[in-house]
Amino acid sequence: MKENDLIKNRDIIMVGQQAWDMDLGGNCKNIALEFCKHNRVLFVNPPLDRISKMRHKADPKVQKRLSIIAGKQNGLEEIQPNLWNLYPDKLVESINWLKSRGVFNYVNKINNKKLAQSIQLAVNKLGFKDFILFNDNDMFRSFYLKELLKPQVSIYYSRDYMLGVDYWKFHGTKLEPELIAKSDLCMANSTYLANYCGKYNKRSYYVGQGCDLDIFTNPKDKSIPSDIIPIKKPVIGYVGALQSIRLDIELLAFIALKKPEWSIVLVGPEDDVFKKSILHGFKNIHFLGSKPPASLPAYINSFDVCLNPQIVNEVTIGNYPRKIDEYLAMGKPVVATRTEAMSIFNMHSYLAASNEDYLELIAIAIGMDSPELQTKRRAFAASHTWANNVKEIYKVINDFEAGRG
């Protein structure tokens, strides 16, 4: 490993949208686990807000936070060597509903000060010095942390286009560009988001994406699932949540109508729009429902072609599609919607710009698959590790500090 690929013996504070005790994994948690191999890391949970306290008071996770705020429990917990998790000991106000920018900014600054006070106590206790502040898309609660905590390096990490979601749009359209602009560095997990950040800060970089691919590269069960066996070949499949805001229902209907000899298999939970959609009227579309994560490789392995029939909108256009890595890790041919974020997969998947493209490219994917192509797909997906992702983050920080020095 080159010297520029590594940062060692530094202190890193991580803030963001996701708590360590959330049920699902997340980029920030995986990055923290890589950081702490060579550095001390403080992972800060989002502070409890008043509305969450009122709505979810019976939730054990909320109860724990209330106990910490009341001083009955210590909010600083060691997860493993070099990695601590902080539950902030302050309650913050729920302010996103405020339409007055002046009032919102006033209360948001108070919320930021409360969070900074909790973090500073942990910093003092742990003896952190000259730390790096890594902000995972937290544009409101962490807006003022650079000024309040005075980190050696402040980083804004963009992994989703948050302004495509109504919750963030009103205040976020003003605050996020300002936060990007004043951060020392901006990093993104897709080329689209790196270019978006680059509009406000010239020190914006694409650093790639890590994935947990073990269950796909080394599947324990390669047998065909029982509910796939009766389905006629070729099988064109999708695995994941069936959400109308992300997937193109009309495209799926078009494929099913034009190619009745193809079987389209959809594995995952449906939202209400999908449940009521015309797709349920097609004999060659099969909804198999939610499956345990451990069984997903077996379903993917049974597909002749894997799909990512993404609809292009503000929510999806910048997202890094980890699903593609999962498909490729199993050597499968992939046909997906062409977007800027998908450009890095151009050499290893078939990218469609229209409904007609999908028909043509699926046919090519079925007819041209080979062991050689499967090997290349697996190798490409295997390069998207969390270690490689963090190596790119380290390079950007090292180059910045070398230039500043």
# chains A, B, ... in the order shown; residues from 1 in each chain; ligands from 1
$ closest_atom_pairs --of "region 105-194 of chain A" --to "region 310-333 of chain A" --cutoff "12 Å" --atoms "only C-alpha atoms" --output "Markdown table"
| residue | atom | partner | partner_atom | distance |
| --- | --- | --- | --- | --- |
| A:Ser158 | CA | A:Gly318 | CA | 9.8 |
| A:Arg159 | CA | A:Asn319 | CA | 7.0 |
| A:Asp160 | CA | A:Asn319 | CA | 5.7 |
| A:Tyr161 | CA | A:Gly318 | CA | 6.0 |
| A:Met162 | CA | A:Val315 | CA | 7.5 |
| A:Leu163 | CA | A:Glu314 | CA | 7.8 |
| A:Gly164 | CA | A:Glu314 | CA | 4.7 |
| A:Val165 | CA | A:Val315 | CA | 6.6 |
| A:Asp166 | CA | A:Val315 | CA | 10.0 |
| A:Trp168 | CA | A:Val315 | CA | 11.6 |
| A:Lys169 | CA | A:Glu314 | CA | 11.0 |
| A:Ala188 | CA | A:Tyr320 | CA | 9.5 |
| A:Asn189 | CA | A:Tyr320 | CA | 6.4 |
| A:Ser190 | CA | A:Tyr320 | CA | 5.4 |
| A:Thr191 | CA | A:Gly318 | CA | 7.7 |
| A:Tyr192 | CA | A:Gly318 | CA | 5.1 |
| A:Leu193 | CA | A:Gly318 | CA | 5.7 |
| A:Ala194 | CA | A:Gly318 | CA | 9.1 |
$ residues_around --residues "region 298-306 of chain A" --least-positions-apart "5" --cutoff "10 Å" --atoms "only C-alpha atoms" --output "ChimeraX atom specification"
/A:215-216,219-229,233-239,263-267,291,323-324,326-328,330-336,349,362-363,365-367,369
$ write_last_selection --atoms "N, CA and C atoms" --output "short mmCIF file (atom, residue, chain, number, x, y, z; two decimals), in the first residue's frame"
data_model
loop_
_atom_site.label_atom_id
_atom_site.label_comp_id
_atom_site.auth_asym_id
_atom_site.auth_seq_id
_atom_site.Cartn_x
_atom_site.Cartn_y
_atom_site.Cartn_z
N ILE A 215 -21.87 -12.65 0.64
CA ILE A 215 -22.91 -13.66 0.42
C ILE A 215 -23.17 -13.86 -1.07
N PHE A 216 -22.73 -12.90 -1.90
CA PHE A 216 -22.93 -13.03 -3.34
C PHE A 216 -21.72 -13.68 -4.02
N PRO A 219 -21.85 -17.76 -2.27
CA PRO A 219 -23.18 -18.19 -1.82
C PRO A 219 -23.16 -19.60 -1.23
N LYS A 220 -23.83 -19.74 -0.10
CA LYS A 220 -23.86 -21.05 0.54
C LYS A 220 -24.79 -22.03 -0.17
N ASP A 221 -25.82 -21.50 -0.78
CA ASP A 221 -26.81 -22.35 -1.45
C ASP A 221 -26.95 -21.92 -2.90
N LYS A 222 -26.57 -22.76 -3.83
CA LYS A 222 -26.67 -22.45 -5.26
C LYS A 222 -27.86 -23.15 -5.93
N SER A 223 -28.68 -23.82 -5.14
CA SER A 223 -29.83 -24.52 -5.71
C SER A 223 -30.90 -23.51 -6.14
N ILE A 224 -31.69 -23.87 -7.13
CA ILE A 224 -32.74 -23.00 -7.62
C ILE A 224 -33.90 -23.00 -6.63
N PRO A 225 -34.35 -21.83 -6.17
CA PRO A 225 -35.47 -21.78 -5.23
C PRO A 225 -36.71 -22.47 -5.79
N SER A 226 -37.48 -23.06 -4.92
CA SER A 226 -38.63 -23.87 -5.34
C SER A 226 -39.67 -23.06 -6.12
N ASP A 227 -39.82 -21.75 -5.78
CA ASP A 227 -40.83 -20.95 -6.49
C ASP A 227 -40.32 -20.42 -7.83
N ILE A 228 -39.05 -20.65 -8.13
CA ILE A 228 -38.50 -20.28 -9.45
C ILE A 228 -38.59 -21.46 -10.42
N ILE A 229 -38.49 -22.68 -9.89
CA ILE A 229 -38.41 -23.88 -10.74
C ILE A 229 -39.52 -23.95 -11.79
N LYS A 233 -38.18 -20.36 -18.75
CA LYS A 233 -36.98 -19.63 -19.15
C LYS A 233 -37.23 -18.90 -20.48
N PRO A 234 -36.50 -17.83 -20.77
CA PRO A 234 -35.50 -17.19 -19.92
C PRO A 234 -36.14 -16.34 -18.82
N VAL A 235 -35.44 -16.26 -17.69
CA VAL A 235 -35.94 -15.50 -16.54
C VAL A 235 -35.18 -14.17 -16.48
N ILE A 236 -35.93 -13.09 -16.53
CA ILE A 236 -35.37 -11.74 -16.42
C ILE A 236 -35.75 -11.23 -15.03
N GLY A 237 -34.78 -11.02 -14.15
CA GLY A 237 -35.13 -10.82 -12.74
C GLY A 237 -34.64 -9.54 -12.11
N TYR A 238 -35.35 -9.16 -11.06
CA TYR A 238 -34.98 -8.00 -10.23
C TYR A 238 -35.12 -8.41 -8.78
N VAL A 239 -34.13 -8.02 -7.95
CA VAL A 239 -34.19 -8.27 -6.51
C VAL A 239 -34.07 -6.94 -5.78
N SER A 263 -39.95 -14.46 -19.06
CA SER A 263 -40.55 -14.41 -17.73
C SER A 263 -39.85 -13.33 -16.91
N ILE A 264 -40.62 -12.40 -16.38
CA ILE A 264 -40.08 -11.33 -15.53
C ILE A 264 -40.37 -11.70 -14.08
N VAL A 265 -39.32 -11.82 -13.28
CA VAL A 265 -39.45 -12.22 -11.88
C VAL A 265 -39.04 -11.06 -10.99
N LEU A 266 -39.91 -10.66 -10.08
CA LEU A 266 -39.66 -9.54 -9.18
C LEU A 266 -39.65 -10.05 -7.74
N VAL A 267 -38.51 -9.93 -7.09
CA VAL A 267 -38.33 -10.44 -5.73
C VAL A 267 -38.15 -9.26 -4.78
N LYS A 291 -37.95 -11.89 0.59
CA LYS A 291 -37.18 -13.10 0.91
C LYS A 291 -36.09 -12.74 1.93
N LYS A 323 -26.95 -2.45 -6.02
CA LYS A 323 -27.57 -3.66 -6.54
C LYS A 323 -26.79 -4.21 -7.74
N ILE A 324 -26.24 -3.31 -8.55
CA ILE A 324 -25.49 -3.75 -9.73
C ILE A 324 -24.26 -4.55 -9.32
N GLU A 326 -23.99 -6.35 -6.69
CA GLU A 326 -24.45 -7.67 -6.23
C GLU A 326 -24.71 -8.60 -7.41
N TYR A 327 -25.34 -8.07 -8.44
CA TYR A 327 -25.57 -8.87 -9.65
C TYR A 327 -24.25 -9.30 -10.28
N LEU A 328 -23.34 -8.32 -10.46
CA LEU A 328 -22.07 -8.61 -11.13
C LEU A 328 -21.20 -9.55 -10.31
N MET A 330 -22.03 -12.06 -8.89
CA MET A 330 -22.43 -13.42 -9.21
C MET A 330 -22.22 -13.73 -10.70
N GLY A 331 -21.56 -12.79 -11.39
CA GLY A 331 -21.23 -13.02 -12.80
C GLY A 331 -22.38 -12.83 -13.76
N LYS A 332 -23.48 -12.25 -13.31
CA LYS A 332 -24.68 -12.18 -14.12
C LYS A 332 -24.66 -11.03 -15.11
N PRO A 333 -25.21 -11.23 -16.31
CA PRO A 333 -25.39 -10.10 -17.23
C PRO A 333 -26.45 -9.16 -16.67
N VAL A 334 -26.20 -7.87 -16.83
CA VAL A 334 -27.08 -6.85 -16.24
C VAL A 334 -27.52 -5.87 -17.32
N VAL A 335 -28.82 -5.58 -17.32
CA VAL A 335 -29.36 -4.51 -18.16
C VAL A 335 -29.98 -3.48 -17.22
N ALA A 336 -29.56 -2.23 -17.37
CA ALA A 336 -30.01 -1.19 -16.44
C ALA A 336 -30.22 0.12 -17.18
N SER A 349 -21.84 -3.84 -18.03
CA SER A 349 -23.30 -4.01 -18.04
C SER A 349 -23.84 -3.35 -19.31
N ILE A 362 -31.55 -6.78 -23.59
CA ILE A 362 -31.84 -8.04 -22.88
C ILE A 362 -31.60 -9.22 -23.81
N ALA A 363 -32.03 -9.09 -25.07
CA ALA A 363 -31.80 -10.16 -26.04
C ALA A 363 -30.31 -10.41 -26.24
N ALA A 365 -27.93 -9.70 -24.05
CA ALA A 365 -27.40 -10.25 -22.80
C ALA A 365 -27.68 -11.75 -22.69
N ILE A 366 -28.84 -12.17 -23.16
CA ILE A 366 -29.18 -13.60 -23.13
C ILE A 366 -28.28 -14.37 -24.10
N GLY A 367 -28.09 -13.81 -25.28
CA GLY A 367 -27.40 -14.55 -26.34
C GLY A 367 -25.89 -14.53 -26.27
N ASP A 369 -23.84 -14.23 -23.32
CA ASP A 369 -23.18 -14.54 -22.05
C ASP A 369 -22.12 -15.62 -22.25
#
$ closest_residue --among "A:Ile249, A:Ala402, A:Ala381, A:Leu145" --to "Asp212 (chain A)" --atoms "only C-alpha atoms"
A:Ala381
$ closest_residue --among "A:Ser370, A:Asn355, A:Gln18, A:Ser343" --to "Asn137 (chain A)" --atoms "only C-alpha atoms"
A:Gln18
$ select_by_dssp --residues "region 96-318 of chain A" --states "strand (DSSP E)" --output "PyMOL selection string"
chain A and resi 132-136+153-158+185-188+204-206+235-239+263-267+285-289+305-308
$ write_last_selection --atoms "C-alpha atoms" --output "short mmCIF file (atom, residue, chain, number, x, y, z; two decimals), in the first residue's frame"
data_model
loop_
_atom_site.label_atom_id
_atom_site.label_comp_id
_atom_site.auth_asym_id
_atom_site.auth_seq_id
_atom_site.Cartn_x
_atom_site.Cartn_y
_atom_site.Cartn_z
CA ILE A 132 -11.06 15.19 11.07
CA LEU A 133 -14.81 15.90 10.92
CA PHE A 134 -16.66 13.59 8.51
CA ASN A 135 -20.26 14.69 7.89
CA ASP A 136 -22.48 12.09 6.21
CA VAL A 153 -10.24 19.04 8.24
CA SER A 154 -13.99 19.22 7.58
CA ILE A 155 -15.51 16.83 5.04
CA TYR A 156 -19.02 16.78 3.60
CA TYR A 157 -19.89 13.31 2.29
CA SER A 158 -22.71 13.09 -0.26
CA LEU A 185 -13.45 18.83 1.16
CA CYS A 186 -16.51 17.24 -0.41
CA MET A 187 -16.63 13.57 -1.32
CA ALA A 188 -19.31 11.58 -3.09
CA SER A 204 -15.16 17.84 -4.64
CA TYR A 205 -14.20 14.26 -5.45
CA TYR A 206 -15.70 10.95 -6.47
CA VAL A 235 -35.94 -15.50 -16.54
CA ILE A 236 -35.37 -11.74 -16.42
CA GLY A 237 -35.13 -10.82 -12.74
CA TYR A 238 -34.98 -8.00 -10.23
CA VAL A 239 -34.19 -8.27 -6.51
CA SER A 263 -40.55 -14.41 -17.73
CA ILE A 264 -40.08 -11.33 -15.53
CA VAL A 265 -39.45 -12.22 -11.88
CA LEU A 266 -39.66 -9.54 -9.18
CA VAL A 267 -38.33 -10.44 -5.73
CA ILE A 285 -44.68 -11.26 -14.58
CA HIS A 286 -44.14 -13.14 -11.33
CA PHE A 287 -44.17 -11.39 -7.94
CA LEU A 288 -42.37 -13.62 -5.42
CA GLY A 289 -42.51 -11.28 -2.41
CA VAL A 305 -30.48 -11.61 -16.97
CA CYS A 306 -30.64 -9.18 -14.04
CA LEU A 307 -32.53 -5.90 -14.34
CA ASN A 308 -32.35 -2.50 -12.71
#
$ atom_distance --atom1 "CA of Lys129 (chain A)" --atom2 "CA of Tyr144 (chain A)"
19.0 Å
$ select_by_dssp --residues "region 174-207 of chain A" --states "alpha helix (DSSP H)" --output "list in words"
Lys174, Leu175, Glu176, Pro177, Glu178, Leu179, Ile180, Ala181, Lys182, Thr191, Tyr192, Leu193, Ala194, Asn195, Tyr196, Cys197 and Gly198 of chain A
$ residues_around --residues "Ile278 (chain A)" --least-positions-apart "2" --cutoff "12 Å" --atoms "only C-alpha atoms" --output "VMD selection string"
chain A and resid 249 to 254 256 to 257 273 to 276 280 to 283 285
$ write_last_selection --atoms "N, CA and C atoms" --output "PDB file, in the first residue's frame"
ATOM      1  N   ILE A 249     -42.515   1.317 -13.742  1.00  0.00           N
ATOM      2  CA  ILE A 249     -43.606   0.355 -13.921  1.00  0.00           C
ATOM      3  C   ILE A 249     -43.996   0.237 -15.386  1.00  0.00           C
ATOM      4  N   GLU A 250     -44.068   1.362 -16.089  1.00  0.00           N
ATOM      5  CA  GLU A 250     -44.442   1.337 -17.502  1.00  0.00           C
ATOM      6  C   GLU A 250     -43.414   0.575 -18.342  1.00  0.00           C
ATOM      7  N   LEU A 251     -42.148   0.688 -17.985  1.00  0.00           N
ATOM      8  CA  LEU A 251     -41.101  -0.047 -18.693  1.00  0.00           C
ATOM      9  C   LEU A 251     -41.289  -1.553 -18.515  1.00  0.00           C
ATOM     10  N   LEU A 252     -41.542  -1.982 -17.286  1.00  0.00           N
ATOM     11  CA  LEU A 252     -41.745  -3.407 -17.027  1.00  0.00           C
ATOM     12  C   LEU A 252     -42.953  -3.929 -17.795  1.00  0.00           C
ATOM     13  N   ALA A 253     -44.017  -3.134 -17.841  1.00  0.00           N
ATOM     14  CA  ALA A 253     -45.210  -3.538 -18.594  1.00  0.00           C
ATOM     15  C   ALA A 253     -44.887  -3.631 -20.089  1.00  0.00           C
ATOM     16  N   PHE A 254     -44.091  -2.706 -20.584  1.00  0.00           N
ATOM     17  CA  PHE A 254     -43.695  -2.701 -22.000  1.00  0.00           C
ATOM     18  C   PHE A 254     -42.923  -3.969 -22.354  1.00  0.00           C
ATOM     19  N   ALA A 256     -42.938  -6.855 -20.747  1.00  0.00           N
ATOM     20  CA  ALA A 256     -43.808  -8.024 -20.625  1.00  0.00           C
ATOM     21  C   ALA A 256     -44.754  -8.150 -21.820  1.00  0.00           C
ATOM     22  N   LEU A 257     -45.245  -7.016 -22.310  1.00  0.00           N
ATOM     23  CA  LEU A 257     -46.172  -7.025 -23.439  1.00  0.00           C
ATOM     24  C   LEU A 257     -45.468  -7.408 -24.744  1.00  0.00           C
ATOM     25  N   VAL A 273     -48.364   1.471  -4.747  1.00  0.00           N
ATOM     26  CA  VAL A 273     -48.537   1.699  -6.183  1.00  0.00           C
ATOM     27  C   VAL A 273     -48.245   0.427  -6.959  1.00  0.00           C
ATOM     28  N   PHE A 274     -47.214  -0.284  -6.584  1.00  0.00           N
ATOM     29  CA  PHE A 274     -46.900  -1.548  -7.248  1.00  0.00           C
ATOM     30  C   PHE A 274     -48.012  -2.562  -7.032  1.00  0.00           C
ATOM     31  N   LYS A 275     -48.543  -2.613  -5.817  1.00  0.00           N
ATOM     32  CA  LYS A 275     -49.595  -3.587  -5.517  1.00  0.00           C
ATOM     33  C   LYS A 275     -50.830  -3.378  -6.381  1.00  0.00           C
ATOM     34  N   LYS A 276     -51.106  -2.133  -6.755  1.00  0.00           N
ATOM     35  CA  LYS A 276     -52.295  -1.805  -7.535  1.00  0.00           C
ATOM     36  C   LYS A 276     -51.999  -1.646  -9.026  1.00  0.00           C
ATOM     37  N   HIS A 280     -49.676  -6.720 -12.324  1.00  0.00           N
ATOM     38  CA  HIS A 280     -50.270  -7.945 -11.788  1.00  0.00           C
ATOM     39  C   HIS A 280     -51.213  -8.611 -12.800  1.00  0.00           C
ATOM     40  N   GLY A 281     -51.501  -7.933 -13.880  1.00  0.00           N
ATOM     41  CA  GLY A 281     -52.368  -8.530 -14.900  1.00  0.00           C
ATOM     42  C   GLY A 281     -51.618  -9.303 -15.967  1.00  0.00           C
ATOM     43  N   PHE A 282     -50.282  -9.310 -15.916  1.00  0.00           N
ATOM     44  CA  PHE A 282     -49.485 -10.020 -16.922  1.00  0.00           C
ATOM     45  C   PHE A 282     -49.151 -11.429 -16.436  1.00  0.00           C
ATOM     46  N   LYS A 283     -49.406 -12.411 -17.307  1.00  0.00           N
ATOM     47  CA  LYS A 283     -49.120 -13.794 -16.942  1.00  0.00           C
ATOM     48  C   LYS A 283     -47.621 -14.080 -16.861  1.00  0.00           C
ATOM     49  N   ILE A 285     -45.329 -11.985 -15.684  1.00  0.00           N
ATOM     50  CA  ILE A 285     -44.681 -11.257 -14.578  1.00  0.00           C
ATOM     51  C   ILE A 285     -45.012 -11.985 -13.287  1.00  0.00           C
TER      52      ILE A 285
END
$ closest_residue --among "A:Lys391, A:Arg40, A:Lys199, A:Arg378" --to "Asn218 (chain A)" --atoms "only C-alpha atoms"
A:Arg378
$ atom_distance --atom1 "CA of His171 (chain A)" --atom2 "CA of Val62 (chain A)"
26.1 Å
$ closest_residue --among "A:Ala70, A:Leu351, A:Ala382, A:Ile13" --to "Lys146 (chain A)" --atoms "only C-alpha atoms"
A:Ile13
$ atom_distance --atom1 "CA of Lys109 (chain A)" --atom2 "CA of Gln152 (chain A)"
21.3 Å
$ decode --residues "region 66-101 of chain A" --atoms "C-alpha atoms" --output "CSV table (one decimal), in the first residue's frame"
chain,number,residue,atom,x,y,z
A,66,LEU,CA,-34.1,9.7,27.2
A,67,SER,CA,-32.2,7.9,30.0
A,68,ILE,CA,-28.9,9.4,28.7
A,69,ILE,CA,-30.4,12.9,28.4
A,70,ALA,CA,-31.6,12.6,32.0
A,71,GLY,CA,-28.1,11.7,33.1
A,72,LYS,CA,-29.0,8.1,34.1
A,73,GLN,CA,-26.7,6.5,31.6
A,74,ASN,CA,-23.4,7.2,30.0
A,75,GLY,CA,-23.9,8.2,26.3
A,76,LEU,CA,-20.3,7.3,25.3
A,77,GLU,CA,-19.9,3.6,24.5
A,78,GLU,CA,-16.8,1.7,23.2
A,79,ILE,CA,-17.9,-0.5,20.3
A,80,GLN,CA,-14.5,-2.1,19.7
A,81,PRO,CA,-10.9,-1.0,20.0
A,82,ASN,CA,-10.4,2.5,18.5
A,83,LEU,CA,-14.2,3.0,17.9
A,84,TRP,CA,-16.7,4.8,20.2
A,85,ASN,CA,-20.4,5.5,19.7
A,86,LEU,CA,-21.8,8.7,21.2
A,87,TYR,CA,-25.5,9.1,22.1
A,88,PRO,CA,-25.8,12.9,22.5
A,89,ASP,CA,-27.1,13.9,25.9
A,90,LYS,CA,-29.2,16.8,24.6
A,91,LEU,CA,-32.8,16.9,23.2
A,92,VAL,CA,-33.0,19.1,20.0
A,93,GLU,CA,-36.1,20.8,18.6
A,94,SER,CA,-37.9,19.5,15.5
A,95,ILE,CA,-37.8,22.4,13.1
A,96,ASN,CA,-38.1,21.3,9.5
A,97,TRP,CA,-41.8,22.3,9.5
A,98,LEU,CA,-40.8,25.9,10.1
A,99,LYS,CA,-41.3,27.9,6.9
A,100,SER,CA,-39.7,31.1,8.2
A,101,ARG,CA,-36.0,30.8,7.2
